[in-house]
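Colleague: run.tsv (TSV, C-alpha atoms) pasted underneath:
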chain	number	residue	atom	x	y	z
T	1	MET	CA	5.43	-4.34	15.75
T	2	ILE	CA	6.57	-1.43	13.61
T	3	LYS	CA	7.97	-3.97	11.17
T	4	ASP	CA	4.61	-5.73	11.03
T	5	CYS	CA	2.79	-2.43	10.68
T	6	LEU	CA	4.85	-1.29	7.71
T	7	ALA	CA	4.66	-4.75	6.21
T	8	ARG	CA	0.88	-4.34	6.18
T	9	ILE	CA	1.30	-1.12	4.26
T	10	GLY	CA	3.44	-2.88	1.70
T	11	CYS	CA	0.91	-5.67	1.53
T	12	LEU	CA	-1.80	-3.23	0.61
T	13	ALA	CA	-1.20	-4.86	-2.73
T	14	LEU	CA	-3.83	-7.28	-1.45
T	15	ILE	CA	-6.28	-4.54	-2.30
T	16	LEU	CA	-5.62	-5.52	-5.87
T	17	VAL	CA	-7.82	-8.56	-5.36
T	18	VAL	CA	-10.92	-6.40	-5.54
T	19	VAL	CA	-9.75	-3.13	-7.07
T	20	ALA	CA	-10.47	-4.44	-10.52
T	21	GLY	CA	-14.09	-4.42	-9.48
T	22	GLY	CA	-13.91	-1.07	-11.21
T	23	TRP	CA	-13.85	-3.03	-14.44
T	24	PHE	CA	-17.32	-4.35	-13.67
T	25	PHE	CA	-18.55	-0.74	-13.36
T	26	ARG	CA	-16.59	0.50	-16.39
T	27	ASP	CA	-19.67	1.81	-18.20
T	28	ASP	CA	-20.57	3.99	-15.21
T	29	ILE	CA	-17.11	5.38	-14.55
T	30	SER	CA	-15.62	5.69	-18.02
T	31	GLY	CA	-15.59	9.44	-17.58
T	32	TRP	CA	-13.53	9.29	-14.39
T	33	TRP	CA	-9.92	9.68	-15.47
T	34	ARG	CA	-6.86	10.48	-13.46
T	35	ARG	CA	-4.21	8.19	-14.76
T	36	LEU	CA	-1.59	7.08	-12.26
T	37	GLU	CA	1.82	6.09	-13.52
T	38	ILE	CA	5.05	5.35	-11.70
T	39	THR	CA	7.80	7.22	-13.51
T	40	SER	CA	10.73	7.11	-11.08
T	41	ALA	CA	11.08	3.53	-9.86
T	42	SER	CA	14.19	2.72	-7.83
T	43	GLN	CA	16.62	-0.13	-8.37
T	44	PRO	CA	16.24	-2.55	-5.44
T	45	SER	CA	19.10	-4.44	-3.81
T	46	GLU	CA	19.50	-7.05	-1.10
T	47	ASP	CA	21.86	-4.74	0.79
T	48	LEU	CA	19.24	-1.98	0.89
T	49	ALA	CA	16.58	-4.47	1.98
T	50	GLU	CA	18.82	-5.63	4.82
T	51	ARG	CA	19.58	-2.04	5.86
T	52	ALA	CA	15.89	-1.16	5.91
T	53	THR	CA	15.07	-4.33	7.86
T	54	LEU	CA	17.68	-3.46	10.49
T	55	LYS	CA	16.18	0.03	10.83
T	56	LEU	CA	12.73	-1.44	11.41
T	57	GLU	CA	14.00	-3.97	13.93
T	58	ALA	CA	16.03	-1.33	15.79
T	59	MET	CA	13.07	0.98	16.21
T	60	ALA	CA	10.80	-1.91	17.21
T	61	SER	CA	13.26	-2.96	19.92
T	62	GLY	CA	13.78	0.59	21.16
T	63	ASP	CA	17.44	0.67	20.13
T	64	GLY	CA	16.96	2.84	17.07
T	65	GLY	CA	15.51	5.95	18.66
T	66	TRP	CA	12.03	7.31	18.08
T	67	LYS	CA	12.32	8.28	14.44
T	68	LEU	CA	12.39	6.03	11.38
T	69	GLU	CA	13.19	7.22	7.86
T	70	LEU	CA	13.03	5.04	4.76
T	71	ASN	CA	13.80	6.33	1.29
T	72	GLN	CA	12.22	5.08	-1.91
T	73	ALA	CA	15.06	2.68	-2.76
T	74	GLU	CA	14.88	1.10	0.71
T	75	ILE	CA	11.11	0.65	0.51
T	76	GLN	CA	11.39	-0.80	-3.01
T	77	SER	CA	14.05	-3.22	-1.78
T	78	LEU	CA	11.78	-4.30	1.09
T	79	LEU	CA	8.95	-4.92	-1.36
T	80	THR	CA	11.16	-6.85	-3.79
T	81	TYR	CA	13.17	-8.97	-1.37
T	82	ARG	CA	10.92	-9.24	1.69
T	83	ALA	CA	7.28	-8.70	0.65
T	84	GLU	CA	7.07	-10.15	-2.88
T	85	PRO	CA	8.20	-13.69	-1.90
T	86	ILE	CA	5.28	-13.97	0.55
T	87	LEU	CA	2.59	-12.32	-1.59
T	88	PRO	CA	-0.18	-14.53	-3.01
T	89	GLY	CA	0.70	-16.10	-6.35
T	90	GLY	CA	-1.67	-13.83	-8.24
T	91	ILE	CA	0.07	-10.64	-7.10
T	92	SER	CA	3.54	-9.80	-8.38
T	93	GLU	CA	5.94	-7.04	-9.43
T	94	PRO	CA	5.27	-4.58	-6.59
T	95	VAL	CA	6.71	-1.13	-7.34
T	96	VAL	CA	6.69	1.99	-5.17
T	97	GLU	CA	7.19	5.69	-5.83
T	98	LEU	CA	7.32	8.41	-3.19
T	99	ARG	CA	5.79	11.72	-4.24
T	100	ASP	CA	5.53	15.04	-2.41
T	101	SER	CA	3.02	13.80	0.16
T	102	THR	CA	1.69	10.51	-1.19
T	103	VAL	CA	2.93	7.04	-2.11
T	104	LEU	CA	2.17	5.22	-5.36
T	105	LEU	CA	2.12	1.43	-5.08
T	106	SER	CA	1.57	-0.75	-8.12
T	107	ALA	CA	1.50	-4.49	-8.79
T	108	ARG	CA	0.35	-6.92	-11.45
T	109	VAL	CA	-2.68	-9.06	-10.65
T	110	ASP	CA	-3.33	-12.42	-12.30
T	111	PRO	CA	-6.78	-13.83	-11.46
T	112	ARG	CA	-5.50	-17.37	-11.97
T	113	GLY	CA	-3.42	-17.05	-8.82
T	114	LEU	CA	-6.07	-15.60	-6.51
T	115	GLU	CA	-7.61	-18.87	-5.33
T	116	GLY	CA	-8.48	-18.64	-1.66
T	117	LEU	CA	-8.43	-14.84	-1.56
T	118	ALA	CA	-11.86	-14.46	-3.12
T	119	SER	CA	-14.57	-16.80	-4.34
T	120	PRO	CA	-14.20	-18.10	-7.91
T	121	GLU	CA	-17.46	-16.32	-8.81
T	122	VAL	CA	-16.14	-12.98	-7.59
T	123	VAL	CA	-12.78	-13.40	-9.33
T	124	GLU	CA	-14.47	-14.41	-12.58
T	125	ARG	CA	-16.79	-11.40	-12.40
T	126	LEU	CA	-14.10	-8.85	-11.60
T	127	PHE	CA	-11.19	-10.05	-13.71
T	128	SER	CA	-11.01	-10.99	-17.35
T	129	ASP	CA	-7.21	-11.13	-17.53
T	130	SER	CA	-4.12	-10.00	-15.67
T	131	ALA	CA	-3.88	-6.25	-15.12
T	132	LYS	CA	-1.59	-3.67	-13.61
T	133	VAL	CA	-3.20	-1.95	-10.65
T	134	VAL	CA	-2.01	1.24	-8.96
T	135	VAL	CA	-3.06	2.70	-5.62
T	136	GLU	CA	-2.17	6.17	-4.35
T	137	LEU	CA	-1.78	6.32	-0.56
T	138	TRP	CA	-1.60	9.28	1.80
T	139	PRO	CA	-0.06	8.38	5.19
T	140	GLY	CA	-0.87	10.29	8.36
T	141	VAL	CA	-1.86	10.10	12.03
T	142	VAL	CA	-5.38	10.05	13.50
T	143	ALA	CA	-4.62	9.57	17.22
T	144	PRO	CA	-1.77	8.55	19.52
T	145	GLY	CA	-0.93	4.95	18.69
T	146	VAL	CA	-2.93	4.94	15.46
T	147	ALA	CA	-1.51	5.74	12.03
T	148	ARG	CA	-3.69	5.98	8.97
T	149	VAL	CA	-3.30	5.31	5.28
T	150	GLU	CA	-5.88	7.05	3.11
T	151	ILE	CA	-6.70	5.64	-0.30
T	152	VAL	CA	-6.53	8.67	-2.60
T	153	THR	CA	-6.89	6.92	-5.94
T	154	LEU	CA	-7.30	3.36	-7.20
T	155	GLN	CA	-6.68	2.40	-10.79
T	156	ALA	CA	-7.09	-0.99	-12.47
T	157	GLY	CA	-5.61	-0.99	-15.94
T	158	SER	CA	-6.92	2.22	-17.52
T	159	ILE	CA	-9.98	2.38	-15.26
T	160	VAL	CA	-9.95	4.75	-12.26
T	161	VAL	CA	-12.24	3.61	-9.45
T	162	PRO	CA	-14.41	6.44	-8.02
T	163	SER	CA	-13.75	7.29	-4.38
T	164	MET	CA	-17.35	6.43	-3.50
T	165	MET	CA	-16.54	2.80	-4.29
T	166	VAL	CA	-13.39	2.62	-2.13
T	167	PRO	CA	-15.16	1.90	1.20
T	168	TRP	CA	-16.96	-1.05	-0.40
T	169	ILE	CA	-13.65	-2.35	-1.73
T	170	LEU	CA	-11.88	-2.04	1.63
T	171	GLU	CA	-14.70	-3.79	3.45
T	172	SER	CA	-14.35	-6.70	1.02
T	173	ILE	CA	-10.76	-7.44	2.07
T	174	GLU	CA	-9.64	-9.48	5.07
T	175	MET	CA	-6.80	-7.56	6.78
T	176	PRO	CA	-6.29	-8.82	10.34
T	177	GLY	CA	-5.29	-6.08	12.76
T	178	VAL	CA	-6.23	-3.30	10.35
T	179	GLU	CA	-9.44	-1.32	10.82
T	180	THR	CA	-11.11	0.39	7.90
T	181	THR	CA	-13.26	3.49	7.97
T	182	GLY	CA	-14.41	5.11	4.77
T	183	VAL	CA	-11.38	5.46	2.50
T	184	MET	CA	-8.88	4.99	5.34
T	185	LEU	CA	-7.04	2.07	6.87
T	186	LEU	CA	-6.15	2.50	10.55
T	187	LEU	CA	-2.89	0.87	11.63
T	188	PRO	CA	-1.89	0.31	15.29
T	189	THR	CA	1.64	1.43	16.18
T	190	PRO	CA	3.86	0.18	19.04
T	191	GLY	CA	3.89	3.61	20.68
T	192	ARG	CA	2.29	7.04	20.47
T	193	VAL	CA	2.92	7.88	16.85
T	194	THR	CA	3.30	11.61	16.26
T	195	ARG	CA	4.34	11.63	12.60
T	196	PHE	CA	3.72	9.33	9.69
T	197	GLU	CA	4.25	11.16	6.43
T	198	ILE	CA	6.32	11.71	3.32
T	199	GLU	CA	8.98	14.37	3.78
T	200	LYS	CA	11.83	15.22	1.41
T	201	GLY	CA	11.63	11.95	-0.47
T	202	LYS	CA	11.40	9.74	2.61
T	203	LEU	CA	8.69	7.93	4.55
T	204	VAL	CA	8.97	9.21	8.12
T	205	LEU	CA	7.51	7.53	11.19
T	206	GLU	CA	8.12	9.16	14.56
T	207	LEU	CA	7.03	8.11	18.04
T	208	ALA	CA	6.73	10.19	21.18
T	209	PRO	CA	9.96	10.04	23.25
T	210	GLY	CA	10.05	6.99	25.47
T	211	ASP	CA	7.82	4.90	23.22
T	212	GLY	CA	8.71	2.10	20.83
T	213	GLU	CA	10.02	-0.36	23.42
Translate the structure of the given file into structure tokens.
Modeller:
Amino acid sequence: MIKDCLARIGCLALILVVVAGGWFFRDDISGWWRRLEITSASQPSEDLAERATLKLEAMASGDGGWKLELNQAEIQSLLTYRAEPILPGGISEPVVELRDSTVLLSARVDPRGLEGLASPEVVERLFSDSAKVVVELWPGVVAPGVARVEIVTLQAGSIVVPSMMVPWILESIEMPGVETTGVMLLLPTPGRVTRFEIEKGKLVLELAPGDGE
């Protein structure tokens, strides 16, 4: 279940389907500017993807202890070799960067490959061409068994989407098993999660002793 949970986080790239709605409101938000840019991307590898997968499977089965740590290169390898092949055709090139307390996740969105994810009218209204979209995420815990991912910033091309628009965007996306509230996504964990954060360049997920089986 941990593997599925973290896969959902990686697949937050699905948010890109509607993030570019900011383009529709560009005249209203042209003054909002906090440019996000990934500057320290890691080189992915199949070996790192396999190592990260084994860590996830070990913790999910209870054989890997109660603490999971994934560095940026491992997460990038998971995105490249595990997540990207199953992403919708209109979403590609996922890239991750771990910062002091947040995660930057970017991907390229091509409206021509979004059929089935949104109505043609919506896609036509929101997208004029392919665009790079970046989302800044802040992981944390809200209650035992529930991790959260807060959307700090959304950017489509050069347009930053105001935080007041984020709840509307999240409500527009179908994410089975994930609850949304305001600017947060709530993710169920297989045990009583006590930590879910960025620490010393790693994504750390920790369960209460005895959980995770």
Colleague: Calculated over only C-alpha atoms, which of the candidates T:Val95, T:Ile75, T:Val134, T:Met164 has the smallest distance to Ser40 in chain T?
Modeller: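 Checking each candidate against Ser40 in chain T, we get T:Val95 as the closest.
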Colleague: Rounded to one decimal, what separation in Å do you get between CA of Val160 in chain T and CA of Leu79 in chain T?
Modeller: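 Value for the CA of Val160 in chain T-CA of Leu79 in chain T distance: 23.9 Å.
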Colleague: As an MDAnalysis selection string, please: the residues near Gly182 in chain T (cut-off 12 Å, all atoms listed in the file, same-chain neighbours under 3 positions excluded).
Modeller: chainID T and resid 148:152 163:171 179 185:186
Colleague: For Pro190 in chain T, which residue among T:Val141, T:Leu48, T:Val146, T:Ile91 is the nearest when counting all atoms listed in the file?
Modeller: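 Counting all atoms listed in the file, the residue closest to Pro190 in chain T is T:Val146.
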Colleague: Can you find the residues with an atom no farther than 9 Å from (-2.7, 11.5, 21.4), counting all atoms listed in the file, and report them as a PDB file with C-alpha atoms, keeping the file's coordinate frame?
Modeller:
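Contents of out-v8.pdb, as written:
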ATOM      1  CA  VAL T 142      -5.380  10.050  13.500  1.00  0.00           C
ATOM      2  CA  ALA T 143      -4.620   9.570  17.220  1.00  0.00           C
ATOM      3  CA  PRO T 144      -1.770   8.550  19.520  1.00  0.00           C
ATOM      4  CA  GLY T 145      -0.930   4.950  18.690  1.00  0.00           C
ATOM      5  CA  VAL T 146      -2.930   4.940  15.460  1.00  0.00           C
ATOM      6  CA  ARG T 192       2.290   7.040  20.470  1.00  0.00           C
ATOM      7  CA  VAL T 193       2.920   7.880  16.850  1.00  0.00           C
ATOM      8  CA  THR T 194       3.300  11.610  16.260  1.00  0.00           C
TER       9      THR T 194
END
Colleague: Is there a way to get, as a short mmCIF file (atom, residue, chain, number, x, y, z; two decimals) with C-alpha atoms, keeping the file's coordinate frame, all residues within 6 Å of the point (-6.1, -0.3, -10.7) in file coordinates, counting only C-alpha atoms?
Modeller:
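Generated file (selection.cif):
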data_model
loop_
_atom_site.label_atom_id
_atom_site.label_comp_id
_atom_site.auth_asym_id
_atom_site.auth_seq_id
_atom_site.Cartn_x
_atom_site.Cartn_y
_atom_site.Cartn_z
CA VAL T 19 -9.75 -3.13 -7.07
CA VAL T 133 -3.20 -1.95 -10.65
CA VAL T 134 -2.01 1.24 -8.96
CA LEU T 154 -7.30 3.36 -7.20
CA GLN T 155 -6.68 2.40 -10.79
CA ALA T 156 -7.09 -0.99 -12.47
CA GLY T 157 -5.61 -0.99 -15.94
#
Colleague: As an exercise, work out the distance from CA of Pro139 in chain T to CA of Val109 in chain T in Å and give it to one decimal place.
Modeller: 23.7 Å
Colleague: Hey, can you check how far CA of Ala208 in chain T sits from CA of Val183 in chain T?
Modeller: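 Going from CA of Ala208 in chain T over to CA of Val183 in chain T covers 26.4 Å.
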Colleague: Neighbouring residues of range 197-204 of chain T were defined as those with any atom within 10 Å, considering all atoms listed in the file; residues of the same chain fewer than 2 positions away were excluded. Please report them as a list in words.
Modeller: Lys67, Leu68, Glu69, Leu70, Asn71, Gln72, Ala73, Glu74, Ile75, Glu97, Leu98, Arg99, Asp100, Ser101, Thr102, Val103, Trp138, Pro139, Gly140, Val141, Ala147, Arg148, Val149, Thr194, Arg195 and Glu206 of chain T
Colleague: Out of T:Met175, T:Met184, T:Ala131, T:Leu56, which residue has the shortest atom-to-atom distance to Ile159 in chain T when counting all atoms listed in the file?
Modeller: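 Looking at the shortest contact to Ile159 in chain T, the residue is T:Ala131.
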Colleague: Find the smallest box with edges along x, y and z containing every listed atom of range 43-52 of chain T, then add 6 Å on each side and report centre and edge lengths in Å to one decimal, as AutoDock Vina command-line options.
Modeller:
--center_x 18.9 --center_y -3.6 --center_z -1.2 --size_x 18.0 --size_y 18.9 --size_z 26.3
Colleague: Hey, which of T:Glu37, T:Leu54, T:Ala107, T:Arg82 ends up closest to Pro94 in chain T? Count all atoms listed in the file.
Modeller: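 Among T:Glu37, T:Leu54, T:Ala107, T:Arg82, it is T:Ala107 that comes nearest to Pro94 in chain T.
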Colleague: Write out as a list in words the residues lying within 6 Å of Ala49 in chain T, counting all atoms listed in the file and excluding same-chain residues fewer than 3 positions away.
Modeller: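 Contacts, in chain order: Glu46, Ala52, Glu74, Ser77 and Leu78 of chain T.
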